file data_29.csv (CSV, C-alpha atoms and all ligand atoms)
chain,number,residue,atom,x,y,z
A,24,MET,CA,-8.7,4.8,-13.4
A,25,LYS,CA,-9.6,2.5,-10.5
A,26,ARG,CA,-7.9,3.3,-7.2
A,27,VAL,CA,-8.0,1.9,-3.6
A,28,TYR,CA,-10.3,3.9,-1.3
A,29,VAL,CA,-10.9,3.3,2.4
A,30,GLU,CA,-14.1,3.5,4.3
A,31,GLU,CA,-13.0,4.2,7.8
A,32,ASP,CA,-16.5,3.7,9.3
A,33,TRP,CA,-16.3,0.0,8.4
A,34,CYS,CA,-12.7,-0.8,9.4
A,35,LEU,CA,-12.5,-3.4,12.2
A,36,ALA,CA,-8.7,-2.9,12.7
A,37,CYS,CA,-8.3,-6.6,12.0
A,38,HIS,CA,-5.0,-6.0,10.1
A,39,LEU,CA,-5.9,-8.7,7.5
A,40,CYS,CA,-5.2,-6.2,4.7
A,41,GLU,CA,-1.6,-5.9,5.9
A,42,TYR,CA,-1.1,-9.7,5.6
A,43,TRP,CA,-2.8,-9.9,2.2
A,44,CYS,CA,-0.6,-7.0,0.9
A,45,ALA,CA,2.5,-8.7,2.1
A,46,PHE,CA,1.4,-11.9,0.5
A,47,SER,CA,0.5,-10.2,-2.8
A,48,ASN,CA,3.9,-8.5,-3.0
A,49,SER,CA,5.9,-11.7,-1.9
A,50,GLY,CA,6.0,-13.2,-5.3
A,51,LYS,CA,4.9,-16.5,-3.8
A,52,ASP,CA,1.8,-18.6,-4.7
A,53,ASN,CA,1.3,-19.9,-1.2
A,54,MET,CA,0.4,-17.6,1.8
A,55,VAL,CA,2.0,-19.9,4.4
A,56,ALA,CA,5.3,-20.1,2.5
A,57,ALA,CA,5.2,-16.4,2.0
A,58,LEU,CA,4.4,-15.3,5.5
A,59,LYS,CA,5.1,-18.1,8.1
A,60,ASN,CA,7.7,-17.0,10.7
A,61,LYS,CA,8.4,-13.8,8.8
A,62,THR,CA,8.0,-10.2,9.9
A,63,ILE,CA,5.7,-8.7,7.3
A,64,LYS,CA,6.5,-5.5,5.5
A,65,PRO,CA,3.2,-4.5,4.0
A,66,MET,CA,2.6,-1.4,1.8
A,67,ILE,CA,-0.6,-0.7,3.7
A,68,GLN,CA,-0.8,0.0,7.4
A,69,VAL,CA,-3.8,0.2,9.7
A,70,GLU,CA,-4.0,3.2,12.0
A,71,GLU,CA,-6.0,2.5,15.1
A,72,GLY,CA,-7.8,5.1,17.2
A,73,ASP,CA,-10.2,5.3,20.1
A,74,LYS,CA,-13.2,5.7,17.8
A,75,ILE,CA,-12.0,5.2,14.3
A,76,ASN,CA,-9.6,2.9,12.4
A,77,PHE,CA,-8.4,3.2,8.9
A,78,ALA,CA,-6.0,1.6,6.5
A,79,VAL,CA,-3.3,3.9,5.0
A,80,SER,CA,-1.9,3.3,1.6
A,81,CYS,CA,-0.8,5.3,-1.5
A,82,ARG,CA,-3.6,7.3,-3.2
A,83,HIS,CA,-1.8,7.3,-6.5
A,84,CYS,CA,-2.3,11.1,-6.7
A,85,GLU,CA,-3.0,12.6,-10.1
A,86,ASP,CA,-0.3,15.2,-9.5
A,87,PRO,CA,2.0,13.3,-7.2
A,88,ILE,CA,4.4,15.5,-5.2
A,89,CYS,CA,6.4,12.4,-4.2
A,90,VAL,CA,7.5,12.0,-7.9
A,91,LYS,CA,8.5,15.7,-8.1
A,92,SER,CA,10.4,15.5,-4.9
A,93,CYS,CA,12.4,12.3,-5.6
A,94,ILE,CA,16.1,13.3,-6.0
A,95,SER,CA,17.1,10.2,-7.8
A,96,GLY,CA,14.3,9.7,-10.3
A,97,ALA,CA,13.2,6.5,-8.5
A,98,LEU,CA,9.5,7.4,-8.4
A,99,SER,CA,7.5,7.6,-11.6
A,100,ILE,CA,4.0,7.5,-13.0
A,101,GLU,CA,3.1,4.6,-15.2
A,102,ASP,CA,-0.5,4.6,-16.5
A,103,GLY,CA,-1.6,6.5,-13.4
A,104,VAL,CA,0.1,4.2,-11.0
A,105,ILE,CA,3.0,5.6,-8.9
A,106,LYS,CA,5.8,3.2,-9.2
A,107,ILE,CA,9.2,2.9,-7.5
A,108,ASP,CA,12.4,1.7,-9.1
A,109,LYS,CA,14.2,0.2,-6.1
A,110,SER,CA,17.5,0.1,-8.0
A,111,LYS,CA,17.4,3.9,-8.1
A,112,CYS,CA,16.3,4.6,-4.5
A,113,VAL,CA,19.0,6.1,-2.3
A,114,ASP,CA,16.9,5.9,0.8
A,115,CYS,CA,17.1,9.7,1.5
A,116,TYR,CA,13.5,9.9,2.9
A,117,THR,CA,12.7,13.1,0.8
A,118,CYS,CA,9.5,11.4,-0.5
A,119,ILE,CA,8.4,10.6,3.0
A,120,MET,CA,8.6,14.2,4.0
A,121,ALA,CA,6.9,15.3,0.8
A,122,CYS,CA,3.9,12.9,0.8
A,123,PRO,CA,1.0,14.6,2.5
A,124,TYR,CA,-0.6,11.3,3.4
A,125,GLY,CA,2.3,9.6,5.1
A,126,VAL,CA,2.1,6.4,3.1
A,127,LEU,CA,5.7,5.8,2.1
A,128,MET,CA,7.3,3.1,4.2
A,129,PRO,CA,11.0,2.5,4.5
A,130,ASN,CA,12.1,-1.1,4.4
A,131,GLU,CA,15.0,-1.0,6.9
A,132,ASP,CA,16.0,-4.6,6.0
A,133,GLU,CA,16.6,-3.7,2.4
A,134,GLY,CA,17.7,0.0,2.9
A,135,ILE,CA,15.2,1.2,0.4
A,136,MET,CA,11.7,2.9,0.3
A,137,GLN,CA,8.7,0.8,-0.5
A,138,LYS,CA,5.2,1.7,-1.6
A,139,CYS,CA,2.0,0.4,-2.9
A,140,GLU,CA,2.1,-0.1,-6.7
A,141,LEU,CA,-1.6,-1.0,-6.9
A,142,CYS,CA,-1.1,-4.7,-7.3
A,143,THR,CA,-3.7,-6.6,-9.2
A,144,PRO,CA,-2.5,-10.2,-8.7
A,145,ARG,CA,-3.9,-12.8,-11.0
A,146,GLY,CA,-6.2,-10.3,-12.5
A,147,THR,CA,-8.2,-9.7,-9.3
A,148,ALA,CA,-8.7,-6.5,-7.4
A,149,PRO,CA,-5.7,-5.7,-5.2
A,150,TYR,CA,-5.6,-8.2,-2.4
A,151,CYS,CA,-6.1,-5.6,0.3
A,152,ALA,CA,-9.5,-4.7,-1.2
A,153,ALA,CA,-10.4,-8.2,-2.3
A,154,HIS,CA,-9.9,-9.7,1.1
A,155,CYS,CA,-11.1,-7.1,3.5
A,156,PRO,CA,-13.8,-8.9,5.5
A,157,ASN,CA,-15.9,-5.8,6.0
A,158,GLN,CA,-15.6,-4.0,2.7
A,159,ALA,CA,-13.6,-1.2,4.3
A,160,ILE,CA,-11.3,-1.1,1.3
A,161,ILE,CA,-12.8,-0.5,-2.1
A,162,TYR,CA,-11.2,-0.7,-5.5
A,163,GLU,CA,-13.2,1.4,-7.9
A,164,GLU,CA,-13.1,4.4,-10.3
A,165,ARG,CA,-14.5,7.6,-8.9
B,1,LIG,S1,-8.8,-5.8,6.4
B,1,LIG,FE1,-10.4,-4.2,6.2
B,1,LIG,S2,-11.4,-4.2,8.3
B,1,LIG,FE2,-9.5,-5.3,8.5
B,1,LIG,S3,-8.0,-3.7,9.1
B,1,LIG,FE3,-7.9,-3.8,6.9
B,1,LIG,S4,-9.3,-2.2,6.2
B,1,LIG,FE4,-9.8,-2.6,8.3
B,2,LIG,S1,-3.1,-2.3,-3.8
B,2,LIG,FE1,-1.8,-4.1,-3.4
B,2,LIG,S2,0.2,-3.3,-2.9
B,2,LIG,FE2,-1.3,-1.7,-2.7
B,2,LIG,S3,-1.9,-1.7,-0.5
B,2,LIG,FE3,-3.3,-3.0,-1.6
B,2,LIG,S4,-2.5,-5.1,-1.5
B,2,LIG,FE4,-0.9,-3.7,-1.0
B,3,LIG,S1,3.2,8.5,-2.2
B,3,LIG,FE1,1.9,10.1,-1.3
B,3,LIG,S2,2.2,11.9,-2.8
B,3,LIG,FE2,2.9,10.0,-3.8
B,3,LIG,S3,1.1,9.3,-5.0
B,3,LIG,FE3,1.1,8.2,-3.0
B,3,LIG,S4,-0.2,9.4,-1.7
B,3,LIG,FE4,0.3,10.7,-3.4

call {"tool": "encode", "arguments": {"input": "data_29.csv", "output": "C-alpha cells"}}
result
Amino acid sequence: MKRVYVEEDWCLACHLCEYWCAFSNSGKDNMVAALKNKTIKPMIQVEEGDKINFAVSCRHCEDPICVKSCISGALSIEDGVIKIDKSKCVDCYTCIMACPYGVLMPNEDEGIMQKCELCTPRGTAPYCAAHCPNQAIIYEER
C-alpha cells in the first residue's frame, strides 16, 4: 500500500506540511476559514536541526505496537491504515510511550490523542505530500 515517506535531505523546514495537514483534517473546504486565527493541531510535525530537518508523522507500521499497547481498543488497523476511534481514547498516553517514532500527538484542547490517518482528501495524495514545495514528503508504495 502507499504510505507517506520523508526525504530529510530535501526538507526546508518551511512547516507548510503542518498547515496543509491541519487544513486537510479540519473538515472545511476553505483554508482561510479552517485556519485563520486558530492554533493549528497538525498530525505531522517538523523537527528542525542544525544540519537536517524532517517531518515526523505516523509510518502506518505493518505490525503496529501502538495498536497492541492501546488499553481501550481505540487504535485499530483498517486496510493497512492505523486509525483512532476518539470516542474510545482515554488519553492515558500508553501509545505515546509505545510508538518508537514519537508520532502520536495529544490534543490537550480535546483531551484525546490524535494521529495521522493517512488522509487522501478529494482523491488526491495526502495534503502534506501533495503540497510540500520541495518534494520532501512522498506518497508511494515501496
Ligand atoms: S512542507 Fe516539505 S519542505 Fe516544508 S517543512 Fe514540510 S516536509 Fe519540509
Ligand atoms: S497524510 Fe494527511 S493526516 Fe497524515 S500527516 Fe499527511 S496531511 Fe496529515
Ligand atoms: S503510531 Fe507509531 S507504532 Fe503506531 S503505526 Fe504509527 S509509527 Fe507505527

call {"tool": "residues_around", "arguments": {"input": "data_29.csv", "residues": "A:Arg165", "least_positions_apart": "6", "cutoff": "9 Å", "atoms": "all atoms listed in the file", "output": "list in words"}}
result
Met24, Lys25 and Arg26 of chain A

call {"tool": "residues_near_ligand", "arguments": {"input": "data_29.csv", "ligand": "ligand LIG 3 (chain B)", "cutoff": "10 Å", "atoms": "all atoms listed in the file", "output": "VMD selection string"}}
result
chain A and resid 79 to 93 98 to 100 103 to 107 118 to 128 137 to 140

call {"tool": "residues_near_ligand", "arguments": {"input": "data_29.csv", "ligand": "ligand LIG 2 (chain B)", "cutoff": "9 Å", "atoms": "all atoms listed in the file", "output": "MDAnalysis selection string"}}
result
chainID A and resid 26:27 40:48 65:68 78:81 138:144 148:153 160 162

call {"tool": "residues_around", "arguments": {"input": "data_29.csv", "residues": "A:Ile135", "least_positions_apart": "3", "cutoff": "12 Å", "atoms": "all atoms listed in the file", "output": "NGL selection string"}}
result
:A and (97 or 107-116 or 118-119 or 127-132 or 138)

call {"tool": "closest_residue", "arguments": {"input": "data_29.csv", "among": "A:Asp102, A:Glu31, A:Ala57, A:Ser49", "to": "A:Val69", "atoms": "only C-alpha atoms"}}
result
A:Glu31

call {"tool": "axis_aligned_box", "arguments": {"input": "data_29.csv", "around": "stretch 101-107 of chain A", "padding_each_side": "6 Å", "output": "JSON"}}
result
{"center_x": 3.8, "center_y": 4.7, "center_z": -12.0, "size_x": 22.8, "size_y": 15.6, "size_z": 21.0}
